[in-house]
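Structure data follow from data-v8.txt (compact mmCIF, C-alpha atoms and all ligand atoms):
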# COMPACT_ATOMS: atom_id res chain seq x y z
CA MET A 1 110.08 102.19 90.36
CA SER A 2 108.81 100.70 87.11
CA ASP A 3 105.40 99.18 86.62
CA LEU A 4 106.20 96.07 84.63
CA SER A 5 103.05 94.02 84.53
CA VAL A 6 103.70 90.44 85.61
CA SER A 7 101.38 87.45 85.66
CA THR A 8 102.02 84.16 87.42
CA GLU A 9 99.26 82.26 85.65
CA LEU A 10 100.05 79.12 83.72
CA ASN A 11 98.48 78.67 80.31
CA ALA A 12 97.12 75.26 79.35
CA VAL A 13 100.05 74.50 77.06
CA THR A 14 102.67 75.31 79.65
CA GLU A 15 100.79 73.21 82.17
CA ARG A 16 101.02 70.24 79.84
CA PHE A 17 104.77 70.63 79.27
CA ARG A 18 105.61 71.31 82.89
CA GLN A 19 107.99 69.01 84.74
CA ALA A 20 107.54 68.01 88.36
CA PRO A 21 110.20 69.43 90.72
CA LYS A 22 113.25 67.21 91.18
CA GLN A 23 116.23 66.90 93.44
CA TYR A 24 119.06 68.18 91.27
CA ASP A 25 122.69 67.85 92.35
CA ALA A 26 124.24 70.52 90.10
CA VAL A 27 123.44 73.42 87.79
CA LEU A 28 125.08 73.51 84.37
CA LEU A 29 125.62 77.10 83.23
CA ALA A 30 125.79 76.58 79.46
CA SER A 31 127.02 79.32 77.17
CA PHE A 32 128.37 80.11 73.73
CA GLY A 33 132.08 80.43 74.55
CA GLY A 34 134.60 82.75 72.93
CA PRO A 35 138.32 82.98 72.13
CA GLU A 36 140.79 84.00 74.83
CA GLY A 37 143.71 85.06 72.64
CA GLN A 38 144.72 85.71 69.02
CA ASP A 39 145.60 82.05 68.42
CA ASP A 40 142.10 80.98 69.45
CA VAL A 41 140.24 83.20 66.98
CA ILE A 42 140.26 81.03 63.85
CA PRO A 43 139.78 77.67 65.65
CA PHE A 44 136.85 79.24 67.55
CA LEU A 45 135.23 80.56 64.36
CA ARG A 46 135.65 77.12 62.76
CA ASN A 47 133.90 75.56 65.74
CA VAL A 48 130.99 77.98 65.48
CA THR A 49 130.48 77.68 61.75
CA ARG A 50 131.21 74.00 61.17
CA GLY A 51 128.77 72.77 58.52
CA ARG A 52 126.78 76.03 58.57
CA GLY A 53 127.52 77.41 55.10
CA ILE A 54 129.00 80.70 56.33
CA PRO A 55 131.14 82.25 53.56
CA ASP A 56 134.91 82.63 54.17
CA GLU A 57 134.65 86.39 53.64
CA ARG A 58 132.28 86.66 56.58
CA LEU A 59 134.66 84.66 58.81
CA GLU A 60 137.51 86.89 57.74
CA GLU A 61 135.44 89.95 58.60
CA VAL A 62 134.34 88.60 61.99
CA SER A 63 137.92 87.61 62.85
CA HIS A 64 138.79 91.35 62.69
CA HIS A 65 136.21 92.11 65.37
CA TYR A 66 137.92 89.64 67.70
CA ARG A 67 141.44 90.72 66.64
CA ALA A 68 140.57 94.33 67.53
CA PHE A 69 139.94 93.10 71.08
CA GLY A 70 143.29 91.28 71.29
CA GLY A 71 141.63 88.04 70.19
CA ILE A 72 139.74 87.98 73.48
CA SER A 73 135.96 87.84 73.58
CA PRO A 74 134.49 89.39 76.72
CA ILE A 75 132.01 86.52 77.03
CA ASN A 76 134.09 84.07 79.07
CA GLN A 77 134.96 86.59 81.78
CA GLN A 78 131.30 87.61 81.89
CA ASN A 79 130.32 83.99 82.42
CA ARG A 80 132.89 83.57 85.19
CA GLU A 81 131.31 86.58 86.88
CA LEU A 82 127.79 85.26 86.33
CA LYS A 83 128.80 81.87 87.76
CA ALA A 84 130.25 83.56 90.86
CA ALA A 85 127.11 85.71 91.24
CA LEU A 86 124.84 82.65 90.95
CA GLU A 87 126.95 80.77 93.53
CA ALA A 88 126.71 83.72 95.92
CA GLU A 89 122.92 84.00 95.50
CA LEU A 90 122.41 80.25 95.94
CA ALA A 91 124.60 80.29 99.06
CA ALA A 92 122.73 83.32 100.44
CA ARG A 93 119.49 81.34 100.13
CA GLY A 94 121.03 78.28 101.74
CA ILE A 95 120.74 76.20 98.57
CA GLU A 96 123.52 73.67 98.11
CA LEU A 97 123.85 73.33 94.35
CA PRO A 98 127.25 73.61 92.67
CA VAL A 99 127.33 75.61 89.42
CA LEU A 100 129.40 74.03 86.64
CA TRP A 101 130.19 76.06 83.51
CA GLY A 102 130.42 74.64 79.98
CA ASN A 103 130.43 76.18 76.50
CA ARG A 104 129.17 75.07 73.11
CA ASN A 105 132.11 76.50 71.13
CA TRP A 106 135.13 76.95 73.38
CA ASP A 107 136.94 75.67 76.41
CA PRO A 108 135.58 74.69 78.94
CA TYR A 109 133.56 72.58 76.47
CA ILE A 110 130.26 71.01 77.52
CA ALA A 111 131.26 67.36 76.83
CA PRO A 112 134.26 67.15 79.23
CA VAL A 113 132.37 69.18 81.82
CA LEU A 114 129.58 66.57 81.77
CA GLN A 115 132.11 63.73 82.03
CA ASP A 116 133.89 65.42 84.95
CA ALA A 117 130.54 66.05 86.62
CA TYR A 118 129.63 62.37 86.32
CA ASP A 119 133.05 61.27 87.57
CA ALA A 120 132.64 63.61 90.55
CA GLY A 121 129.36 61.85 91.43
CA HIS A 122 126.74 64.14 89.90
CA ARG A 123 123.74 62.34 88.47
CA ARG A 124 121.02 64.91 87.90
CA MET A 125 121.77 68.32 86.44
CA LEU A 126 119.70 71.33 85.53
CA MET A 127 120.94 73.36 82.56
CA LEU A 128 120.65 77.14 82.59
CA THR A 129 121.68 78.77 79.30
CA THR A 130 122.89 82.31 78.64
CA SER A 131 120.25 82.52 75.96
CA ALA A 132 116.77 83.76 76.82
CA TYR A 133 114.67 83.14 73.70
CA THR A 134 113.34 80.33 71.55
CA CYS A 135 114.93 79.38 68.22
CA TYR A 136 117.38 76.80 66.95
CA SER A 137 120.51 78.74 68.01
CA SER A 138 119.18 79.89 71.36
CA CYS A 139 117.41 76.77 72.61
CA ARG A 140 117.41 73.61 70.51
CA GLN A 141 121.11 73.71 69.63
CA TYR A 142 121.99 73.74 73.35
CA ARG A 143 119.68 70.77 73.91
CA GLU A 144 121.21 68.92 70.97
CA ASP A 145 124.75 69.61 72.11
CA ILE A 146 123.96 68.04 75.49
CA GLY A 147 122.22 65.14 73.71
CA ILE A 148 125.22 64.56 71.45
CA ALA A 149 127.70 64.80 74.36
CA LEU A 150 125.70 62.30 76.45
CA THR A 151 125.28 59.84 73.57
CA GLU A 152 128.88 59.98 72.36
CA SER A 153 130.35 59.59 75.85
CA GLY A 154 128.08 56.70 76.81
CA LEU A 155 126.70 58.78 79.71
CA ASP A 156 123.19 58.75 78.28
CA GLY A 157 120.95 56.86 80.69
CA LYS A 158 123.39 57.47 83.54
CA LEU A 159 123.43 61.26 83.77
CA GLU A 160 120.14 63.12 83.75
CA VAL A 161 120.02 66.65 82.31
CA ASP A 162 116.99 68.95 82.22
CA LYS A 163 116.72 72.58 81.16
CA VAL A 164 115.37 75.76 82.77
CA ARG A 165 112.54 77.28 80.70
CA ALA A 166 113.31 79.98 78.13
CA TYR A 167 113.25 83.06 80.36
CA PHE A 168 112.83 85.90 77.84
CA ASP A 169 109.74 87.17 79.67
CA HIS A 170 110.83 86.45 83.24
CA PRO A 171 110.77 89.75 85.18
CA GLY A 172 114.36 89.13 86.30
CA PHE A 173 115.49 89.35 82.68
CA ILE A 174 113.22 92.24 81.69
CA GLU A 175 113.60 94.54 84.71
CA PRO A 176 117.23 95.49 83.94
CA PHE A 177 116.13 96.49 80.43
CA VAL A 178 113.27 98.56 81.88
CA GLU A 179 115.75 100.38 84.11
CA GLY A 180 118.28 100.79 81.29
CA THR A 181 115.74 102.02 78.75
CA ALA A 182 114.45 104.66 81.17
CA ALA A 183 118.00 105.82 81.93
CA GLY A 184 118.93 105.73 78.22
CA LEU A 185 115.96 107.89 77.24
CA ALA A 186 116.83 110.42 79.95
CA LYS A 187 120.45 110.49 78.76
CA VAL A 188 119.63 111.02 75.09
CA ARG A 189 117.04 113.68 75.89
CA ALA A 190 119.53 115.51 78.10
CA GLU A 191 122.05 115.41 75.25
CA LEU A 192 119.49 116.81 72.80
CA ALA A 193 118.53 119.51 75.31
CA THR A 194 122.17 120.53 75.66
CA ALA A 195 122.35 120.76 71.88
CA GLY A 196 119.41 123.16 71.99
CA THR A 197 116.84 120.71 70.54
CA PRO A 198 115.01 119.33 73.60
CA ASP A 199 111.94 118.33 71.58
CA ALA A 200 113.75 116.51 68.77
CA PRO A 201 112.22 113.09 68.01
CA VAL A 202 113.76 110.06 69.71
CA ARG A 203 113.28 106.38 68.81
CA VAL A 204 113.92 103.28 70.93
CA LEU A 205 115.54 100.48 68.94
CA PHE A 206 115.32 96.97 70.34
CA ALA A 207 118.20 95.01 68.83
CA THR A 208 118.56 91.27 68.57
CA HIS A 209 120.56 88.71 66.61
CA SER A 210 119.28 88.14 63.11
CA ILE A 211 118.64 84.52 62.15
CA PRO A 212 117.71 82.95 58.81
CA THR A 213 113.98 83.50 58.15
CA ARG A 214 113.66 79.75 57.76
CA ASP A 215 114.98 79.26 61.32
CA ALA A 216 112.70 82.08 62.48
CA GLU A 217 109.63 80.33 61.06
CA ALA A 218 110.65 77.04 62.68
CA ALA A 219 111.28 78.74 66.04
CA GLY A 220 108.82 77.49 68.63
CA ALA A 221 106.99 75.49 65.99
CA SER A 222 106.17 71.83 66.52
CA GLU A 223 103.65 69.42 65.07
CA GLU A 224 102.74 68.30 68.55
CA GLU A 225 101.74 71.76 69.73
CA PRO A 226 100.84 73.99 66.79
CA ARG A 227 100.64 77.65 67.80
CA GLU A 228 100.22 80.83 65.80
CA PHE A 229 102.85 83.48 66.46
CA GLU A 230 103.06 87.12 65.53
CA GLY A 231 105.51 87.46 62.64
CA ASN A 232 105.07 83.72 62.04
CA SER A 233 107.85 83.04 64.54
CA ALA A 234 108.08 82.53 68.29
CA TYR A 235 111.50 84.22 68.17
CA VAL A 236 110.09 87.39 66.59
CA ALA A 237 106.92 87.29 68.73
CA GLN A 238 108.90 86.97 71.96
CA HIS A 239 111.01 90.04 71.17
CA LEU A 240 107.97 92.09 70.12
CA ALA A 241 106.10 91.13 73.29
CA ASN A 242 109.10 92.02 75.46
CA ALA A 243 109.58 95.35 73.71
CA ARG A 244 105.91 96.20 74.30
CA ALA A 245 106.12 95.24 77.97
CA ILE A 246 109.22 97.41 78.44
CA MET A 247 107.77 100.42 76.60
CA ALA A 248 104.49 100.14 78.51
CA ALA A 249 106.48 100.35 81.76
CA VAL A 250 108.91 103.06 80.67
CA ALA A 251 107.48 105.39 78.03
CA PRO A 252 104.18 104.37 76.42
CA ASP A 253 104.25 107.41 74.11
CA VAL A 254 107.70 106.88 72.60
CA GLU A 255 107.92 105.09 69.26
CA TRP A 256 110.08 102.00 68.96
CA ASP A 257 111.19 99.38 66.43
CA LEU A 258 112.59 95.85 66.55
CA VAL A 259 115.81 95.67 64.51
CA TYR A 260 118.34 92.96 63.77
CA GLN A 261 122.12 92.67 63.76
CA SER A 262 125.05 90.34 63.14
CA ARG A 263 123.68 88.73 59.98
CA SER A 264 126.17 86.20 58.69
CA GLY A 265 124.78 83.84 56.04
CA ALA A 266 125.29 83.87 52.28
CA PRO A 267 123.70 86.97 50.65
CA HIS A 268 121.01 84.99 48.81
CA VAL A 269 119.74 83.39 52.02
CA PRO A 270 117.05 85.59 53.63
CA TRP A 271 117.61 86.58 57.28
CA LEU A 272 115.43 88.68 59.58
CA GLU A 273 115.45 92.39 58.74
CA PRO A 274 115.80 95.36 58.99
CA ASP A 275 119.47 95.53 59.89
CA ILE A 276 120.03 98.13 62.60
CA ASN A 277 122.43 100.20 60.47
CA ASP A 278 120.09 100.28 57.46
CA HIS A 279 117.23 101.21 59.71
CA LEU A 280 119.17 104.06 61.33
CA GLU A 281 119.66 105.56 57.85
CA VAL A 282 115.92 105.46 57.23
CA LEU A 283 115.25 107.04 60.64
CA ALA A 284 117.79 109.82 59.96
CA GLU A 285 115.99 110.62 56.71
CA GLN A 286 112.74 110.83 58.69
CA GLY A 287 114.31 113.41 60.99
CA ILE A 288 114.96 111.24 64.07
CA LYS A 289 117.65 112.93 66.20
CA GLY A 290 118.04 110.53 69.11
CA ALA A 291 118.24 106.74 69.50
CA VAL A 292 118.21 104.45 72.54
CA ILE A 293 119.61 101.08 71.55
CA VAL A 294 118.36 98.23 73.75
CA PRO A 295 120.28 94.93 73.27
CA LEU A 296 117.12 92.96 74.00
CA GLY A 297 118.36 89.68 72.51
CA PHE A 298 121.44 89.37 74.71
CA VAL A 299 122.29 88.38 78.23
CA SER A 300 125.75 90.00 78.53
CA ASP A 301 127.92 92.64 76.82
CA HIS A 302 129.77 90.10 74.67
CA MET A 303 131.24 90.64 71.22
CA GLU A 304 127.92 90.91 69.36
CA VAL A 305 127.18 93.86 71.65
CA ALA A 306 130.69 95.29 71.96
CA TRP A 307 131.31 95.22 68.21
CA ASP A 308 128.04 95.19 66.32
CA LEU A 309 126.32 97.74 68.57
CA ASP A 310 128.99 99.73 70.44
CA THR A 311 131.41 99.93 67.54
CA GLU A 312 129.33 99.72 64.36
CA ALA A 313 125.82 100.94 65.22
CA LEU A 314 127.02 103.80 67.45
CA GLU A 315 129.41 104.82 64.66
CA THR A 316 126.48 104.82 62.22
CA CYS A 317 124.54 107.06 64.63
CA LYS A 318 127.47 109.44 64.87
CA ASN A 319 127.80 109.68 61.09
CA LEU A 320 124.08 110.35 60.78
CA GLY A 321 124.04 113.00 63.50
CA ILE A 322 121.86 110.92 65.82
CA ALA A 323 122.51 111.26 69.56
CA ALA A 324 122.60 107.66 70.78
CA THR A 325 123.26 105.43 73.75
CA ARG A 326 123.38 101.67 74.23
CA VAL A 327 121.56 100.26 77.24
CA PRO A 328 123.38 97.62 79.39
CA THR A 329 122.53 93.92 79.09
CA PRO A 330 121.33 92.12 82.28
CA GLY A 331 124.91 90.82 82.90
CA THR A 332 125.21 90.33 86.67
CA HIS A 333 122.47 92.80 87.63
CA SER A 334 121.20 91.60 91.02
CA THR A 335 117.59 91.41 89.77
CA PHE A 336 118.68 89.17 86.91
CA VAL A 337 120.82 86.90 89.09
CA SER A 338 118.05 86.60 91.64
CA GLY A 339 115.58 85.85 88.80
CA LEU A 340 117.84 83.08 87.49
CA VAL A 341 117.96 81.50 90.94
CA ASP A 342 114.15 81.77 91.10
CA LEU A 343 114.04 79.96 87.75
CA ILE A 344 116.24 77.21 89.20
CA CYS A 345 113.99 77.02 92.26
CA GLU A 346 110.92 76.54 90.02
CA ARG A 347 112.42 73.15 89.22
CA THR A 348 113.90 72.02 92.51
CA VAL A 349 112.21 70.23 95.36
CA GLU A 350 114.08 72.18 98.02
CA GLN A 351 112.83 75.76 98.37
CA ASN A 352 110.49 75.21 95.46
CA ILE A 353 108.88 78.20 93.79
CA SER A 354 105.62 77.02 92.27
CA GLU A 355 104.69 80.28 90.54
CA ARG A 356 105.90 80.99 87.02
CA PRO A 357 106.16 84.76 86.66
CA HIS A 358 106.05 86.10 83.11
CA ALA A 359 105.70 89.61 81.76
CA THR A 360 104.22 88.75 78.34
CA GLU A 361 101.14 86.84 77.26
CA LEU A 362 103.33 84.30 75.45
CA GLY A 363 104.73 82.72 78.57
CA PRO A 364 105.61 81.12 80.77
CA TRP A 365 107.57 79.02 78.29
CA TYR A 366 107.75 75.21 78.62
CA ASP A 367 109.99 73.16 80.92
CA VAL A 368 110.00 70.28 78.43
CA LEU A 369 109.74 71.32 74.79
CA PRO A 370 107.06 69.92 72.50
CA ALA A 371 108.43 67.29 70.08
CA GLY A 372 110.42 68.77 67.21
CA CYS A 373 110.32 72.33 68.59
CA SER A 374 112.61 74.69 66.59
CA GLU A 375 114.03 71.92 64.40
CA ASN A 376 116.24 73.40 61.74
CA PHE A 377 116.20 70.97 58.82
CA ARG A 378 119.78 69.80 59.40
CA GLY A 379 118.74 66.30 60.36
CA ALA A 380 117.65 64.60 63.56
CA LYS A 381 120.09 64.67 66.46
CA PRO A 382 119.81 63.35 70.00
CA VAL A 383 118.09 66.03 72.03
CA ILE A 384 117.30 66.55 75.72
CA ALA A 385 114.38 68.27 77.47
CA GLU A 386 111.93 67.33 74.75
CA ASN A 387 108.69 65.42 74.87
CA GLY A 388 109.15 61.96 73.36
CA SER A 389 112.95 61.97 73.66
CA THR A 390 114.51 59.73 76.30
CA VAL A 391 117.95 61.31 75.87
CA GLY A 392 119.06 62.97 79.10
CA THR A 393 116.66 60.90 81.17
CA VAL A 394 117.77 58.14 83.50
CA HIS A 395 116.37 54.69 83.00
CA GLU A 396 117.79 53.11 86.17
CA ALA A 397 117.03 53.77 89.81
CA HIS A 398 118.52 57.05 90.87
CA PRO A 399 120.99 57.00 93.79
CA VAL A 400 119.80 60.40 95.02
CA GLU A 401 116.20 59.16 95.12
CA GLU A 402 117.13 55.94 96.89
CA GLY A 403 118.96 57.88 99.56
CA THR A 404 116.02 60.13 100.28
CA LYS A 405 113.21 57.58 100.42
C1 LIG A 501 120.23 83.71 67.97
C2 LIG A 501 121.72 83.88 68.19
C3 LIG A 501 122.33 84.34 69.35
C4 LIG A 501 121.64 84.79 70.62
C5 LIG A 501 121.42 83.68 71.55
C6 LIG A 501 122.67 83.20 72.26
O1 LIG A 501 123.28 84.00 72.97
O2 LIG A 501 123.02 82.02 72.14
C7 LIG A 501 123.74 84.30 69.12
C8 LIG A 501 124.72 84.64 70.08
C9 LIG A 501 126.09 84.69 69.88
N1 LIG A 501 126.77 84.54 68.69
C10 LIG A 501 128.11 84.66 68.93
C11 LIG A 501 129.11 84.55 67.96
C12 LIG A 501 128.92 84.10 66.65
N2 LIG A 501 127.74 83.73 66.06
C13 LIG A 501 127.95 83.34 64.74
C14 LIG A 501 126.99 82.88 63.84
C15 LIG A 501 125.62 82.78 64.05
N3 LIG A 501 124.93 83.17 65.17
C16 LIG A 501 123.57 82.88 65.00
C17 LIG A 501 122.54 83.13 65.93
C18 LIG A 501 122.74 83.59 67.24
N4 LIG A 501 123.96 83.85 67.84
C19 LIG A 501 123.42 82.27 63.73
C20 LIG A 501 122.11 81.77 63.15
C21 LIG A 501 124.69 82.22 63.14
C22 LIG A 501 125.03 81.64 61.81
C23 LIG A 501 125.74 80.33 61.97
C24 LIG A 501 124.85 79.30 62.59
O3 LIG A 501 123.81 78.99 61.98
O4 LIG A 501 125.18 78.81 63.66
C25 LIG A 501 129.35 83.43 64.51
C26 LIG A 501 130.03 83.03 63.21
C27 LIG A 501 130.58 84.21 62.52
C28 LIG A 501 129.51 85.19 62.11
O5 LIG A 501 128.97 85.00 61.05
O6 LIG A 501 129.24 86.09 62.90
C29 LIG A 501 129.94 83.91 65.68
C30 LIG A 501 131.41 84.21 65.91
C31 LIG A 501 128.32 84.87 70.33
C32 LIG A 501 129.67 85.01 71.02
C33 LIG A 501 130.03 86.45 71.17
C34 LIG A 501 131.40 86.60 71.77
O7 LIG A 501 132.35 85.93 71.36
O8 LIG A 501 131.52 87.42 72.70
C35 LIG A 501 127.07 84.89 70.92
C36 LIG A 501 126.74 85.06 72.37
FE FE A 502 125.82 84.14 66.85
Structure translated into structure tokens:
Amino acid sequence: MSDLSVSTELNAVTERFRQAPKQYDAVLLASFGGPEGQDDVIPFLRNVTRGRGIPDERLEEVSHHYRAFGGISPINQQNRELKAALEAELAARGIELPVLWGNRNWDPYIAPVLQDAYDAGHRRMLMLTTSAYTCYSSCRQYREDIGIALTESGLDGKLEVDKVRAYFDHPGFIEPFVEGTAAGLAKVRAELATAGTPDAPVRVLFATHSIPTRDAEAAGASEEEPREFEGNSAYVAQHLANARAIMAAVAPDVEWDLVYQSRSGAPHVPWLEPDINDHLEVLAEQGIKGAVIVPLGFVSDHMEVAWDLDTEALETCKNLGIAATRVPTPGTHSTFVSGLVDLICERTVEQNISERPHATELGPWYDVLPAGCSENFRGAKPVIAENGSTVGTVHEAHPVEEGTK
């Protein structure tokens, strides 16, 4: 249906940071976590922002987003559904790999999940995150949280944990956006036609989470493997490359912009801009009458999508007289789920997939990150899946290996 252009070639850098396939005994589906009731809201926000310099006023404001949803973030249910979909796809392919689910900021927390996994006999796990891009928050922080959990529990050296590559440009992640953008454009154009202005200008807005510009510049950067990125940031470059790939497949003639949302730091700290709402005002002044909002930075329709886009940005569009629609996130789209299982199979010995499909020239991203990748100036922490770090590796003979020799 679409003509997303996909390459399976490895670049020299990826080749160097590639890990040989292993015999894993479980997948760890690692996510952000969210509150499941009004009483959870404040403790959850404290977990997220511990030591991060987020002003109280911002926490107060964000707590209202959660309160409006009964204190329940949609993210946990979405992860339960993703876990079930992954289990079904693995089973359908005859792959015996249990999927365990752990969160960075809410129950079920990563640390006890790792302990339970070890107690149940697991020794070699492959982490799959619900975060597709490269920056501190979307990659390194997950790797540090595993590193900290392993070190503090004494499991380091006994339980091995690796990570699936950042999959922003895997076709399984991009295809649902291609489909959604095409459908969104058709919907907005139909709406404009009904209003008697079929030729009114429409803009596609690719939305992602803003991050501090300092984090953006550190994203994907490492002394070991210096690389130049568009926008001076792998995070920015990855989104731009994805947006281009999607527009090339869907509507090469339609104009688009990359915009940011959910900024939370202190006002004097610079974050990536423009904010989607500010940008919509500029577009309205330029005479834009239709907008297709693509939540390119997100894997599921969690609170950052449900509030910041569906509640705030769509409200802004309404006030500005812009006909708008928000495209679905990959969620449990069968192409996405199947792509995630392909990503797992890239790393496993059984039913190994040796090709590394990628729809942008930036990828495929690394299995093992170059030393110091996306460090965020908050001090060194134990980290897994990184060149030069032994955290998350096993120093003794591995029982699974012994059994299979
Ligand atoms: C890059 C990125 C992603 C995408 C990658 C990924 O998916 O991981 C993401 C996802 C998410 N962010 C989420 C929620 C929050 N993020 C916050 C704060 C922050 N996010 C940041 C970045 C990101 N965040 C940053 C740099 C901060 C500042 C504090 C810090 O430096 O860490 C805060 C604090 C309050 C506020 O200021 O908003 C909350 C509540 C939820 C859960 C939604 C739900 O509950 O459904 C999800 C999926
Ligand atoms: Fe966030």
> In Å, with one decimal, what is the gap from atom CA of A:Trp101 to atom CA of A:Lys83?
Replying inline: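 Atom-to-atom, atom CA of A:Trp101 and atom CA of A:Lys83 are spaced 7.3 Å apart.
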>> So, with only C-alpha atoms as the atoms that count, which of A:Leu280, A:Ala266, A:Val236, A:Cys135 lies closest to A:Glu375?
In response: A:Cys135
> ligand FE 502 (chain A): which residues are within 9 Å, counting all atoms listed in the file, as an MDAnalysis selection string?
Replying inline: chainID A and resid 32 48 137 209:211 262:264 304
> Leaving out stretch 329-337 of chain A and any residue of its chain fewer than 2 positions from it, which residues lie within 12 Å of it when counting only C-alpha atoms, given as a count of residues only?
Replying inline: 60
> Could you work out how far atom CA of A:Leu97 lies from atom CA of A:Gly147, giving the answer in Å with one decimal?
Replying inline: 22.3 Å
> For A:Pro370, which residue among A:Ser5, A:Ser63, A:Gln238, A:Thr14 is the nearest when counting all atoms listed in the file?
Replying inline: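 So, comparing all the options, the nearest one is A:Thr14.
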> Using all atoms listed in the file, which residue out of A:Ala313, A:Leu159, A:Ala166, A:Val204 lies closest to ligand LIG 501 (chain A)?
Replying inline: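 Answer, going by the shortest atom-to-atom distance: A:Ala166.
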